[in-house]
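A.B. asks: Right, I'll just put the structure down here and ask away after.
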Amino acid sequence: MEVITCHHNSDFDALASMLAAKKLYPDAIAVFPGSQERVLRDFLTQNSFFQFETTAAKDIDLAQVERIILVDTRQPGRIGRLAEALERPGVDVHIYDHHPPMAGDITGSIDVNRKVGATTTVMVGLLKEKAIDITSEEATVMMMGLYEETGCFTFISTTEEDLHAAAHLLSKGADLNIVTDYIVKEMTSDQISLLNEMLQSLDIINIGGVDIGITHVLVEEYKGDIAILAHKLRDMEGMDVLFVLAAMEGRLHIIARSRIDEVDAGEIVAEFGGGGHHEAASASIKKIPIVEAKERLINVLRDKVRIKKTAGDIMSFPVKTISSSQSIAEAGDLMARYDMDALPVADNGSVIGIISKESVSRARYHGLADSKVTDYMNAGIETLSPDAPLSRVRQIIIEHNQPAVPVIDNGRLSGIISENDILKLLHYETLKSSLEPYPHIRKKNIAKMMEERLPARVLEILKEAGIVADTLGFTVYTVGGFVRDIILKYENLDMDLVIEGDGIVFANAFAEGYGCRVKTHEKFGTAVLVFPDGLKVDVASSRLEYYERPAVLPTVERGSIQLDLYRRDFTINTLAVRLNPSGFGELLDYYGAQRDIREKVIRVLYDYSFVNDPTRVFRAIRFEQRFSFKMSRHTHALIANAVKLNFFEKLSGKRLFNELVLILKEERPIKAINRMAELGLLRFIHPRLRVGEKEREVIGNIIGTIAWYRLLFLKERCDPSLVYMMGLLDSLKLKEIDEFCIRLAVPGRLREKLVTARKTGVVALRRLARGGLKDSELYHLLKPLQMEALLYITAKGGETVKKEVSHYITHLMEIKTALTGNDLEKEFGLKPGPKFKEILSGLLDARLEGVVRTMDEEMKWVKRRVKG
């Protein structure tokens with residue numbers, strides 16, 4: 001038996017989703033797990049155009065349930081007795097929902113969850129995708145679900161997909177007259193009375209700088225329109241956050257609404273067993289006194305509300321300044337070096353004005369580059385303290401048109417907030433983005449996730465790092481790809497620690513207490529912790545970088561964690577997690593990393609990224625292919641421009657070679673190689689390098705050849721990246737391979753392997769293709785080749801070659817004679833010379849051909865040769 005169900009207190013979104021699920025699962029039985037909201041109940045009993053056959057939950061034989069199709073919820077506490085069926089082994093679960101995942105969620109073999117305004121949108125999209133037709137009546141009911149859940153498309157949770165779904169339903173004949181009859185109504189006298197009662201009992205409390213409205217109402221019988229009244233009350237009073245406690249029919253209902261990042265409605269009501277999403281959520285619990293419920297709610301809010309950000313939270317530091325005696329040209333150079341849009345003008349630590357990039361550009365255009373900055377700076381500026389609210393920052397920058405706001409702490413310039421900082425903040429508030437399917441991770445502590453996904457020893461090291469940093473008065477973060485891969489569930493033990501403080505002082509203190517060695521690099525303020533078992537942890541002071549010219553290594557200076565993250569290559573690598581005990585697991589995301597991880601996008605942080613460091617292009621390709629992400633259009637365009645301007649020609653061969661090796665070390669580098677070819681990058685490796693069908697076939701064969709070799713579990717080590725490199729260079733001639741090695745500064749040993757593979761390997765390949773080799777001939781033909789070259793010619797050759805190389809590796813490669821040169825001298829009195837060498841070589845051949853198998857047989861064989 002298959003059962004379609006939703007949540008109790010079902011609404012139109014739940015009904016519409018069940019109806020669509022019935023179209024997808026025509027043999028399933030539709031079941032409401034409990035009561036419905038009054039408006040829906042009235043519709044089901046009074047409408048004359050639509051009938052939906054359902055079965056009462058009490059009539060379902062749970063022992064016969066083989067699959068549950070769950071829509072508009074994933075909380076076991078919201079599906080009544082049907083949750084008992086989930087405890088039976090073998091029950092399959094399919095889930096379709098639009099609410100963010102939460103603790104205790106049901107998991108399914110099919111789990112479709114999208115961040116849209118209604119689950120109906122998810123279901124309509126599936127029907128459209130599968131070309132399943134619907135009637136005009138069904139389209140009308142589905143439209144009701146959309147209208148109700150999105151507030152007639154006025155809620156901020158409404159997305160473009162919701163509107164596309166509505167357009168599709170209209171094309172199928174949805175009747176908006178019927179929709180508005182049930183969804184859009186004038187308030188009744190009872191509703192007005194309830195709204196007035198809610199208004200009279202409304203309290204405003206402030207938690208962490210956030211004003212939160214809490215009201216309560218006592219109702220004798222269930223009122224399903226309390227949620228509608230909650231919306232009206234919030235809008236009437238201009239509140240960002242409202243909680244309604246409604247005592248009805250022996251239960252207490254909690255309705256939550258939020259328009260701001262600091263309060264997550266879904267997270268709050270989850271503490272009461274309810275569910276929903278960031279903007280709207282609800283819960284229903286056994287009736288307790290209103291006073292007790294309110295007190296419990298306030299306690300939850302104090303624990304869960306994110307403290308409102310202040311100027312000190314978003315400011316950048318340390319601050320670069322220019323003195324009043326310096327010129328416009330010097331200001332422009334500083335702005336270009338540090339990528340600043342505005343520069344404070346300060347004398348003796350006192351800020352006297354701000355010069356903007358726009359003012360500098362205009363002055364230069366008019367030939368005034370030698371003028372003093374004081375001639376064109378904004379002198380009448382406002383400053384703020386670190387604890388100033390962001391509303392004041394916005395007012396100064398947006399309303400007063402000031403290009404940046406200096407932050408002054410006890411008379412000292414401690415930070416600066418630019419227009420870009422405010423724009424980014426406004427952007428995130430508009431998107432209210434969170435990292436799905438990892439709910440609210442941008443705003444929550446991920447300590448639990450770290451405990452679940454990291455080895456115990458790694459977690460111990462991170463916690464110890466936080467303790468050491470605390471004793472030194474530093475703040476420590478783990479950053480970059482390590483954090484990214486925790487979220488993506490990729491194994492990555494390459495820990496990078498960034499210290500707001502002195503990284504070398506931290507490393508020495510940590511090593512002293514943990515028994516590991518320290519390697520320091522004073523110039524860059526970095527260190528490496530080397531543990532007894534070889535584990536390494538990189539440590540750096542938080543820093544900023546600037547580039548004197550394209551394609552050279554950067555100049556490094558001390559900076560904040562925000563500036564440190566800005567120097568990273570791509571947004572997905574800009575996450576940081578605080579490790580100090582008081583905030584262990586706090587996630588920092590200044591540059592939209594979670595959004596891009598969610599959307600599977602590779603995006604640079606600034607336009608000159610590939611100009612400053614062209615090797616980032618190869619990293620973009622590597623990450624794109626490893627994670628199955630896509631470059632953003634802008635990033636792709638910047639790469640095309642870098643290729644067009646030949647920035648890669650300025651790269652040192654060593655850096656280019658290192659990036660190529662990293663790409664070839666990926667599990668399946670063929671996709672990255674194809675991407676390099678598509679972007680026109682191969683010519684920078686060698687002008688005549690091509691990847692055509694023949695080369696792709698060889699590289700494709702290498703994948704299987706390496707997999708086969710690994711299954712042999714041989715002692716001899718092999719570097720797969722070198723085999724792939726041989727395959728990549730397959731189109732080049734021997735002389736061109738030599739040119740490649742010179743251009744990319746290939747280390748001598750690797751260069752020798754590449755040349756041997758081409759020179760000796762090709763000769764061997766031709767001979768193998770002819771077949772008819774004795775074992776001794778095969779041995780001497782292949783013995784000069786390293787394992788990488790053997791795998792390369794195996795991939796390049798046909799079945800005959802593969803068979804011969806396989807025979808050599810598995811049966812001949814390790815064969816040796818029992819007798820040695822010393823034995824020939826001692827036992828037979830032979831002296832080193834041509835005869836000596838001839839006998840040893842012949843003895844090995846006899847072993848290879850199976851003529852001799854034991855030492856005794858070898859002794860007899862040698863005796864015959866000596867006498868002869």
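A note on labels: chains of the structure tokens are A, B, ... as shown, every chain counts residues from 1, and ligands are counted from 1 in their shown order.
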Could you list, as a PyMOL selection string, every residue within 10 Å of A:Pro669, counting only C-alpha atoms and ignoring same-chain residues fewer than 6 positions away?
C.D. replies: chain A and resi 622+625-626+662-663+675+699-700+703+721+724
A.B. asks: Could you save those same residues with N, CA, C and O atoms as a short mmCIF file (atom, residue, chain, number, x, y, z; two decimals), in the first residue's frame?
C.D. replies:
```cif
data_model
loop_
_atom_site.label_atom_id
_atom_site.label_comp_id
_atom_site.auth_asym_id
_atom_site.auth_seq_id
_atom_site.Cartn_x
_atom_site.Cartn_y
_atom_site.Cartn_z
N ARG A 622 39.81 23.11 -11.72
CA ARG A 622 39.93 21.94 -10.83
C ARG A 622 38.72 21.84 -9.91
O ARG A 622 38.13 20.76 -9.76
N GLN A 625 35.37 20.96 -11.82
CA GLN A 625 35.21 19.57 -12.22
C GLN A 625 35.11 18.63 -11.02
O GLN A 625 34.36 17.67 -11.03
N ARG A 626 35.85 18.94 -9.97
CA ARG A 626 35.82 18.07 -8.78
C ARG A 626 34.44 18.05 -8.14
O ARG A 626 33.92 17.00 -7.76
N LEU A 662 48.52 19.40 -10.11
CA LEU A 662 47.36 19.32 -9.22
C LEU A 662 46.10 18.90 -9.99
O LEU A 662 45.28 18.13 -9.49
N ILE A 663 45.95 19.42 -11.20
CA ILE A 663 44.80 19.02 -12.04
C ILE A 663 44.90 17.54 -12.37
O ILE A 663 43.91 16.80 -12.30
N ARG A 675 38.26 20.89 -20.33
CA ARG A 675 37.90 22.29 -20.01
C ARG A 675 39.07 23.23 -20.33
O ARG A 675 38.85 24.33 -20.85
N ILE A 699 43.74 9.05 -22.80
CA ILE A 699 43.52 9.48 -21.41
C ILE A 699 42.37 8.70 -20.79
O ILE A 699 42.42 8.31 -19.62
N GLY A 700 41.33 8.45 -21.59
CA GLY A 700 40.21 7.63 -21.08
C GLY A 700 40.66 6.23 -20.74
O GLY A 700 40.25 5.65 -19.72
N ILE A 703 42.44 5.84 -17.30
CA ILE A 703 41.58 5.69 -16.12
C ILE A 703 41.40 4.22 -15.77
O ILE A 703 41.59 3.80 -14.63
N SER A 721 49.34 10.83 -11.72
CA SER A 721 49.38 12.12 -12.40
C SER A 721 50.43 12.13 -13.51
O SER A 721 50.24 12.79 -14.54
N TYR A 724 48.94 10.37 -16.52
CA TYR A 724 48.04 11.28 -17.22
C TYR A 724 48.82 12.35 -18.00
O TYR A 724 48.40 12.77 -19.08
#
```
A.B. asks: Pick out the residues sitting within 12 Å of A:Val405, and hand them over as a PyMOL selection string; count only C-alpha atoms, and ignore anything fewer than 3 positions along from it in its own chain.
C.D. replies: chain A and resi 311-312+314-316+319+341-344+351+353-356+378+380-386+388+390+392-398+400-402+408+413-422
A.B. asks: Measure the distance from atom CA of A:Gln200 to atom CA of A:Ser284 in Å and round it to one decimal.
C.D. replies: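 Straight-line distance from atom CA of A:Gln200 to atom CA of A:Ser284 works out to 22.9 Å.
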A.B. asks: Please provide the set of residues having any atom within 9 Å of A:Pro76, restricted to only C-alpha atoms, with same-chain residues fewer than 5 positions apart removed, written as a PyMOL selection string.
C.D. replies: chain A and resi 82-84+86+104-106
A.B. asks: Tell me which protein, DNA and RNA residues are within 9 Å of A:Glu161, counting only C-alpha atoms, leaving out same-chain ones fewer than 3 positions away, and put them as a list of chain:residue names.
C.D. replies: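 Neighbouring residues, sequence-local ones excluded: A:Val116, A:Gly117, A:Thr121, A:Val122, A:Gly125, A:Thr158, A:His164, A:Ala165, A:Ala166.
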A.B. asks: Since we have the selection now, will you write its residues out, keeping all heavy atoms, as a PDB file, in the first residue's frame?
C.D. replies:
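Output file selection11.pdb follows:
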```
ATOM      1  N   VAL A 116      11.465  27.533  -2.239  1.00  0.00           N
ATOM      2  CA  VAL A 116      10.434  28.277  -2.963  1.00  0.00           C
ATOM      3  C   VAL A 116       9.340  28.657  -1.977  1.00  0.00           C
ATOM      4  O   VAL A 116       9.371  28.258  -0.815  1.00  0.00           O
ATOM      5  CB  VAL A 116       9.857  27.437  -4.134  1.00  0.00           C
ATOM      6  CG1 VAL A 116      10.910  27.248  -5.224  1.00  0.00           C
ATOM      7  CG2 VAL A 116       9.368  26.068  -3.649  1.00  0.00           C
ATOM      8  N   GLY A 117       8.355  29.414  -2.455  1.00  0.00           N
ATOM      9  CA  GLY A 117       7.322  29.922  -1.554  1.00  0.00           C
ATOM     10  C   GLY A 117       6.299  28.909  -1.118  1.00  0.00           C
ATOM     11  O   GLY A 117       5.609  29.110  -0.120  1.00  0.00           O
ATOM     12  N   THR A 121       4.509  24.658  -5.599  1.00  0.00           N
ATOM     13  CA  THR A 121       5.436  25.016  -6.679  1.00  0.00           C
ATOM     14  C   THR A 121       6.333  23.839  -7.041  1.00  0.00           C
ATOM     15  O   THR A 121       6.585  23.565  -8.222  1.00  0.00           O
ATOM     16  CB  THR A 121       6.291  26.227  -6.259  1.00  0.00           C
ATOM     17  OG1 THR A 121       5.435  27.338  -6.016  1.00  0.00           O
ATOM     18  CG2 THR A 121       7.306  26.588  -7.327  1.00  0.00           C
ATOM     19  N   VAL A 122       6.844  23.153  -6.017  1.00  0.00           N
ATOM     20  CA  VAL A 122       7.688  21.977  -6.246  1.00  0.00           C
ATOM     21  C   VAL A 122       6.926  20.936  -7.060  1.00  0.00           C
ATOM     22  O   VAL A 122       7.425  20.385  -8.051  1.00  0.00           O
ATOM     23  CB  VAL A 122       8.153  21.366  -4.909  1.00  0.00           C
ATOM     24  CG1 VAL A 122       8.965  20.093  -5.150  1.00  0.00           C
ATOM     25  CG2 VAL A 122       8.975  22.384  -4.108  1.00  0.00           C
ATOM     26  N   GLY A 125       6.059  21.913 -10.694  1.00  0.00           N
ATOM     27  CA  GLY A 125       7.260  21.774 -11.510  1.00  0.00           C
ATOM     28  C   GLY A 125       7.489  20.337 -11.954  1.00  0.00           C
ATOM     29  O   GLY A 125       7.860  20.076 -13.105  1.00  0.00           O
ATOM     30  N   THR A 158       8.393  34.456  -1.489  1.00  0.00           N
ATOM     31  CA  THR A 158       7.974  34.175  -2.862  1.00  0.00           C
ATOM     32  C   THR A 158       9.169  34.253  -3.811  1.00  0.00           C
ATOM     33  O   THR A 158      10.000  35.144  -3.695  1.00  0.00           O
ATOM     34  CB  THR A 158       6.903  35.179  -3.319  1.00  0.00           C
ATOM     35  OG1 THR A 158       5.817  35.155  -2.380  1.00  0.00           O
ATOM     36  CG2 THR A 158       6.381  34.833  -4.706  1.00  0.00           C
ATOM     37  N   HIS A 164       6.310  31.232 -12.025  1.00  0.00           N
ATOM     38  CA  HIS A 164       6.284  30.341 -13.189  1.00  0.00           C
ATOM     39  C   HIS A 164       5.238  29.238 -12.999  1.00  0.00           C
ATOM     40  O   HIS A 164       4.529  28.862 -13.943  1.00  0.00           O
ATOM     41  CB  HIS A 164       7.661  29.722 -13.419  1.00  0.00           C
ATOM     42  CG  HIS A 164       8.640  30.644 -14.074  1.00  0.00           C
ATOM     43  ND1 HIS A 164       8.396  31.265 -15.277  1.00  0.00           N
ATOM     44  CD2 HIS A 164       9.868  31.065 -13.681  1.00  0.00           C
ATOM     45  CE1 HIS A 164       9.426  32.017 -15.607  1.00  0.00           C
ATOM     46  NE2 HIS A 164      10.345  31.924 -14.642  1.00  0.00           N
ATOM     47  N   ALA A 165       5.154  28.727 -11.762  1.00  0.00           N
ATOM     48  CA  ALA A 165       4.162  27.689 -11.469  1.00  0.00           C
ATOM     49  C   ALA A 165       2.752  28.250 -11.658  1.00  0.00           C
ATOM     50  O   ALA A 165       1.870  27.582 -12.228  1.00  0.00           O
ATOM     51  CB  ALA A 165       4.345  27.167 -10.047  1.00  0.00           C
ATOM     52  N   ALA A 166       2.528  29.480 -11.181  1.00  0.00           N
ATOM     53  CA  ALA A 166       1.207  30.107 -11.334  1.00  0.00           C
ATOM     54  C   ALA A 166       0.864  30.292 -12.810  1.00  0.00           C
ATOM     55  O   ALA A 166      -0.277  30.059 -13.233  1.00  0.00           O
ATOM     56  CB  ALA A 166       1.190  31.452 -10.609  1.00  0.00           C
TER      57      ALA A 166
END
```
A.B. asks: Please provide as a ChimeraX atom specification all residues within 7 Å of A:Glu788, with the sequence filter that same-chain residues fewer than 4 positions apart are discarded (counting only C-alpha atoms).
C.D. replies: /A:718-719,722-723,792
A.B. asks: What lies within 12 Å of A:Asp845 using only C-alpha atoms, ignoring chain neighbours under 2 positions off, as a PyMOL selection string?
C.D. replies: chain A and resi 774-780+812+815-817+838-843+847-853+858+861
A.B. asks: Any chance you could export the current selection's N, CA, C and O atoms as an mmCIF file, in the first residue's frame?
C.D. replies:
```
data_model
loop_
_atom_site.group_PDB
_atom_site.id
_atom_site.type_symbol
_atom_site.label_atom_id
_atom_site.label_comp_id
_atom_site.auth_asym_id
_atom_site.auth_seq_id
_atom_site.Cartn_x
_atom_site.Cartn_y
_atom_site.Cartn_z
ATOM 1 N N LYS A 774 59.214 -13.971 -26.795
ATOM 2 C CA LYS A 774 59.452 -14.895 -25.697
ATOM 3 C C LYS A 774 59.473 -14.093 -24.396
ATOM 4 O O LYS A 774 59.677 -12.878 -24.407
ATOM 5 N N ASP A 775 59.298 -14.799 -23.259
ATOM 6 C CA ASP A 775 59.276 -14.105 -21.970
ATOM 7 C C ASP A 775 60.562 -13.334 -21.720
ATOM 8 O O ASP A 775 60.541 -12.219 -21.193
ATOM 9 N N SER A 776 61.696 -13.910 -22.094
ATOM 10 C CA SER A 776 62.969 -13.221 -21.871
ATOM 11 C C SER A 776 63.060 -11.965 -22.739
ATOM 12 O O SER A 776 63.569 -10.924 -22.305
ATOM 13 N N GLU A 777 62.567 -12.044 -23.961
ATOM 14 C CA GLU A 777 62.575 -10.877 -24.838
ATOM 15 C C GLU A 777 61.641 -9.788 -24.312
ATOM 16 O O GLU A 777 61.957 -8.593 -24.350
ATOM 17 N N LEU A 778 60.492 -10.201 -23.818
ATOM 18 C CA LEU A 778 59.536 -9.253 -23.247
ATOM 19 C C LEU A 778 60.141 -8.557 -22.021
ATOM 20 O O LEU A 778 60.009 -7.339 -21.843
ATOM 21 N N TYR A 779 60.813 -9.306 -21.204
ATOM 22 C CA TYR A 779 61.436 -8.777 -19.989
ATOM 23 C C TYR A 779 62.451 -7.696 -20.338
ATOM 24 O O TYR A 779 62.424 -6.588 -19.787
ATOM 25 N N HIS A 780 63.367 -7.998 -21.264
ATOM 26 C CA HIS A 780 64.428 -7.042 -21.612
ATOM 27 C C HIS A 780 63.876 -5.831 -22.363
ATOM 28 O O HIS A 780 64.443 -4.741 -22.268
ATOM 29 N N LEU A 812 56.655 -11.516 -14.708
ATOM 30 C CA LEU A 812 58.077 -11.467 -15.053
ATOM 31 C C LEU A 812 58.854 -10.383 -14.322
ATOM 32 O O LEU A 812 60.059 -10.552 -14.069
ATOM 33 N N ILE A 815 61.091 -11.292 -11.328
ATOM 34 C CA ILE A 815 61.949 -12.488 -11.419
ATOM 35 C C ILE A 815 63.417 -12.096 -11.327
ATOM 36 O O ILE A 815 63.879 -11.173 -11.996
ATOM 37 N N LYS A 816 64.154 -12.843 -10.486
ATOM 38 C CA LYS A 816 65.605 -12.665 -10.326
ATOM 39 C C LYS A 816 66.255 -14.038 -10.220
ATOM 40 O O LYS A 816 65.612 -15.029 -9.879
ATOM 41 N N THR A 817 67.554 -14.094 -10.496
ATOM 42 C CA THR A 817 68.285 -15.364 -10.329
ATOM 43 C C THR A 817 68.627 -15.558 -8.861
ATOM 44 O O THR A 817 68.821 -14.586 -8.121
ATOM 45 N N GLU A 838 77.980 -12.613 -19.604
ATOM 46 C CA GLU A 838 77.203 -13.453 -20.515
ATOM 47 C C GLU A 838 76.498 -14.575 -19.758
ATOM 48 O O GLU A 838 75.331 -14.888 -20.029
ATOM 49 N N ILE A 839 77.207 -15.174 -18.794
ATOM 50 C CA ILE A 839 76.627 -16.280 -18.022
ATOM 51 C C ILE A 839 75.468 -15.775 -17.151
ATOM 52 O O ILE A 839 74.405 -16.392 -17.081
ATOM 53 N N LEU A 840 75.662 -14.619 -16.461
ATOM 54 C CA LEU A 840 74.592 -14.070 -15.610
ATOM 55 C C LEU A 840 73.357 -13.727 -16.429
ATOM 56 O O LEU A 840 72.231 -14.001 -16.035
ATOM 57 N N SER A 841 73.589 -13.129 -17.608
ATOM 58 C CA SER A 841 72.470 -12.756 -18.467
ATOM 59 C C SER A 841 71.745 -13.992 -18.992
ATOM 60 O O SER A 841 70.512 -14.054 -19.005
ATOM 61 N N GLY A 842 72.534 -14.995 -19.394
ATOM 62 C CA GLY A 842 71.914 -16.227 -19.887
ATOM 63 C C GLY A 842 71.151 -16.952 -18.803
ATOM 64 O O GLY A 842 70.085 -17.545 -19.049
ATOM 65 N N LEU A 843 71.684 -16.914 -17.559
ATOM 66 C CA LEU A 843 71.007 -17.558 -16.431
ATOM 67 C C LEU A 843 69.651 -16.897 -16.169
ATOM 68 O O LEU A 843 68.647 -17.573 -15.910
ATOM 69 N N ARG A 847 65.888 -18.534 -16.369
ATOM 70 C CA ARG A 847 64.857 -18.395 -15.339
ATOM 71 C C ARG A 847 63.543 -17.893 -15.958
ATOM 72 O O ARG A 847 62.469 -18.409 -15.684
ATOM 73 N N LEU A 848 63.661 -16.866 -16.787
ATOM 74 C CA LEU A 848 62.470 -16.275 -17.399
ATOM 75 C C LEU A 848 61.740 -17.268 -18.293
ATOM 76 O O LEU A 848 60.504 -17.259 -18.359
ATOM 77 N N GLU A 849 62.501 -18.146 -18.995
ATOM 78 C CA GLU A 849 61.881 -19.117 -19.901
ATOM 79 C C GLU A 849 61.461 -20.396 -19.184
ATOM 80 O O GLU A 849 60.891 -21.299 -19.792
ATOM 81 N N GLY A 850 61.745 -20.473 -17.893
ATOM 82 C CA GLY A 850 61.349 -21.660 -17.124
ATOM 83 C C GLY A 850 62.283 -22.840 -17.303
ATOM 84 O O GLY A 850 61.956 -23.955 -16.884
ATOM 85 N N VAL A 851 63.452 -22.608 -17.881
ATOM 86 C CA VAL A 851 64.430 -23.694 -18.067
ATOM 87 C C VAL A 851 64.991 -24.121 -16.712
ATOM 88 O O VAL A 851 65.232 -25.302 -16.453
ATOM 89 N N VAL A 852 65.235 -23.148 -15.841
ATOM 90 C CA VAL A 852 65.669 -23.437 -14.472
ATOM 91 C C VAL A 852 64.665 -22.805 -13.506
ATOM 92 O O VAL A 852 64.112 -21.736 -13.794
ATOM 93 N N ARG A 853 64.454 -23.491 -12.348
ATOM 94 C CA ARG A 853 63.470 -22.982 -11.388
ATOM 95 C C ARG A 853 64.016 -22.917 -9.967
ATOM 96 O O ARG A 853 63.462 -22.220 -9.131
ATOM 97 N N GLU A 858 70.029 -23.938 -11.227
ATOM 98 C CA GLU A 858 70.894 -22.853 -11.684
ATOM 99 C C GLU A 858 72.364 -23.268 -11.602
ATOM 100 O O GLU A 858 73.172 -22.968 -12.503
ATOM 101 N N TRP A 861 73.169 -25.513 -14.421
ATOM 102 C CA TRP A 861 73.164 -24.763 -15.682
ATOM 103 C C TRP A 861 74.471 -24.000 -15.851
ATOM 104 O O TRP A 861 75.075 -23.994 -16.915
#
```
A.B. asks: For the strand (DSSP E) assignment from backbone DSSP, which residues of stretch 233-334 of chain A qualify? Please present them as a PDB file with C-alpha atoms, in the first residue's frame.
C.D. replies:
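File written: result_14.pdb
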```
ATOM      1  CA  VAL A 241       9.009  39.866  14.167  1.00  0.00           C
ATOM      2  CA  LEU A 242       5.750  38.654  15.729  1.00  0.00           C
ATOM      3  CA  PHE A 243       4.771  35.613  17.788  1.00  0.00           C
ATOM      4  CA  VAL A 244       1.112  34.841  18.475  1.00  0.00           C
ATOM      5  CA  LEU A 245       0.144  32.455  21.304  1.00  0.00           C
ATOM      6  CA  ALA A 246      -3.403  31.250  20.687  1.00  0.00           C
ATOM      7  CA  ALA A 247      -5.156  28.947  23.165  1.00  0.00           C
ATOM      8  CA  MET A 248      -7.822  27.014  21.229  1.00  0.00           C
ATOM      9  CA  ARG A 251      -4.165  23.191  22.684  1.00  0.00           C
ATOM     10  CA  LEU A 252      -1.793  26.105  22.436  1.00  0.00           C
ATOM     11  CA  HIS A 253      -0.966  27.213  18.906  1.00  0.00           C
ATOM     12  CA  ILE A 254       2.151  29.278  18.194  1.00  0.00           C
ATOM     13  CA  ILE A 255       2.231  31.331  14.996  1.00  0.00           C
ATOM     14  CA  ALA A 256       5.585  32.931  14.144  1.00  0.00           C
ATOM     15  CA  ARG A 257       6.418  35.535  11.502  1.00  0.00           C
ATOM     16  CA  SER A 258       9.831  37.124  10.819  1.00  0.00           C
ATOM     17  CA  GLY A 275       8.017  23.467  11.786  1.00  0.00           C
ATOM     18  CA  GLY A 276       8.147  25.964   8.960  1.00  0.00           C
ATOM     19  CA  ALA A 280       6.784  31.793   8.718  1.00  0.00           C
ATOM     20  CA  ALA A 281       6.295  28.816  11.026  1.00  0.00           C
ATOM     21  CA  SER A 282       3.853  27.320  13.505  1.00  0.00           C
ATOM     22  CA  ALA A 283       3.555  24.769  16.285  1.00  0.00           C
ATOM     23  CA  SER A 284       0.738  23.124  18.230  1.00  0.00           C
ATOM     24  CA  ILE A 285       1.343  21.822  21.760  1.00  0.00           C
ATOM     25  CA  LYS A 286      -0.693  20.590  24.679  1.00  0.00           C
TER      26      LYS A 286
END
```
A.B. asks: One decimal, Å: what's the distance from atom CA of A:His168 over to atom CA of A:Met143, could you say?
C.D. replies: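 Result for atom CA of A:His168 versus atom CA of A:Met143: 9.8 Å, one decimal.
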A.B. asks: Atom CA of A:His231 and atom CA of A:Thr154, how far apart in Å?
C.D. replies: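 Those two atoms sit 11.0 Å apart.
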A.B. asks: Would you kindly return, as a PyMOL selection string, each protein, DNA or RNA residue with an atom no farther than 10 Å from any atom of stretch 469-479 of chain A, considering only C-alpha atoms and excluding same-chain residues fewer than 5 positions away?
C.D. replies: chain A and resi 462-464+484+495-503+505-507+509-510+538-542+561+564-565+573-588
A.B. asks: Would you please work out which residue, of A:Ile205, A:Leu791, A:Asp190, A:Asp333, is nearest to A:Val219 when using only C-alpha atoms?
C.D. replies: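 Checking each of A:Ile205, A:Leu791, A:Asp190, A:Asp333 against A:Val219, counting only C-alpha atoms, the winner is A:Asp190.
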A.B. asks: Could you pull out the helix (DSSP H, G or I) residues of stretch 259-369 of chain A, going by DSSP on the backbone, and write them as a VMD selection string?
C.D. replies: chain A and resid 265 to 270 290 to 304 311 to 314 328 to 338 357 to 365
A.B. asks: Between A:Thr820, A:Ser806, A:Ser359, A:Ser323, which one has atoms that come closest to A:Pro403, using only C-alpha atoms?
C.D. replies: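 Of the candidates, the smallest distance to A:Pro403 is held by A:Ser359.
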A.B. asks: Stretch 63-181 of chain A near stretch 22-41 of chain A within 9 Å: what's each residue's closest atom pair and its distance in Å to one decimal, counting only C-alpha atoms, ordered by chain then ascending residue number, as a tab-separated table?
C.D. replies:
```
residue	atom	partner	partner_atom	distance
A:Arg67	CA	A:Ala28	CA	8.9
A:Ile68	CA	A:Ala28	CA	8.8
A:Ile69	CA	A:Ala28	CA	8.4
A:Arg78	CA	A:Pro33	CA	7.9
A:Ile79	CA	A:Pro33	CA	5.2
A:Gly80	CA	A:Pro33	CA	5.4
A:Arg81	CA	A:Pro33	CA	7.3
A:Leu82	CA	A:Pro33	CA	7.1
A:Leu126	CA	A:Leu24	CA	8.5
A:Leu127	CA	A:Leu24	CA	7.4
A:Lys130	CA	A:Leu24	CA	9.0
A:Ile132	CA	A:Lys23	CA	7.5
A:Asp133	CA	A:Lys23	CA	8.7
A:Ile134	CA	A:Lys23	CA	8.3
```
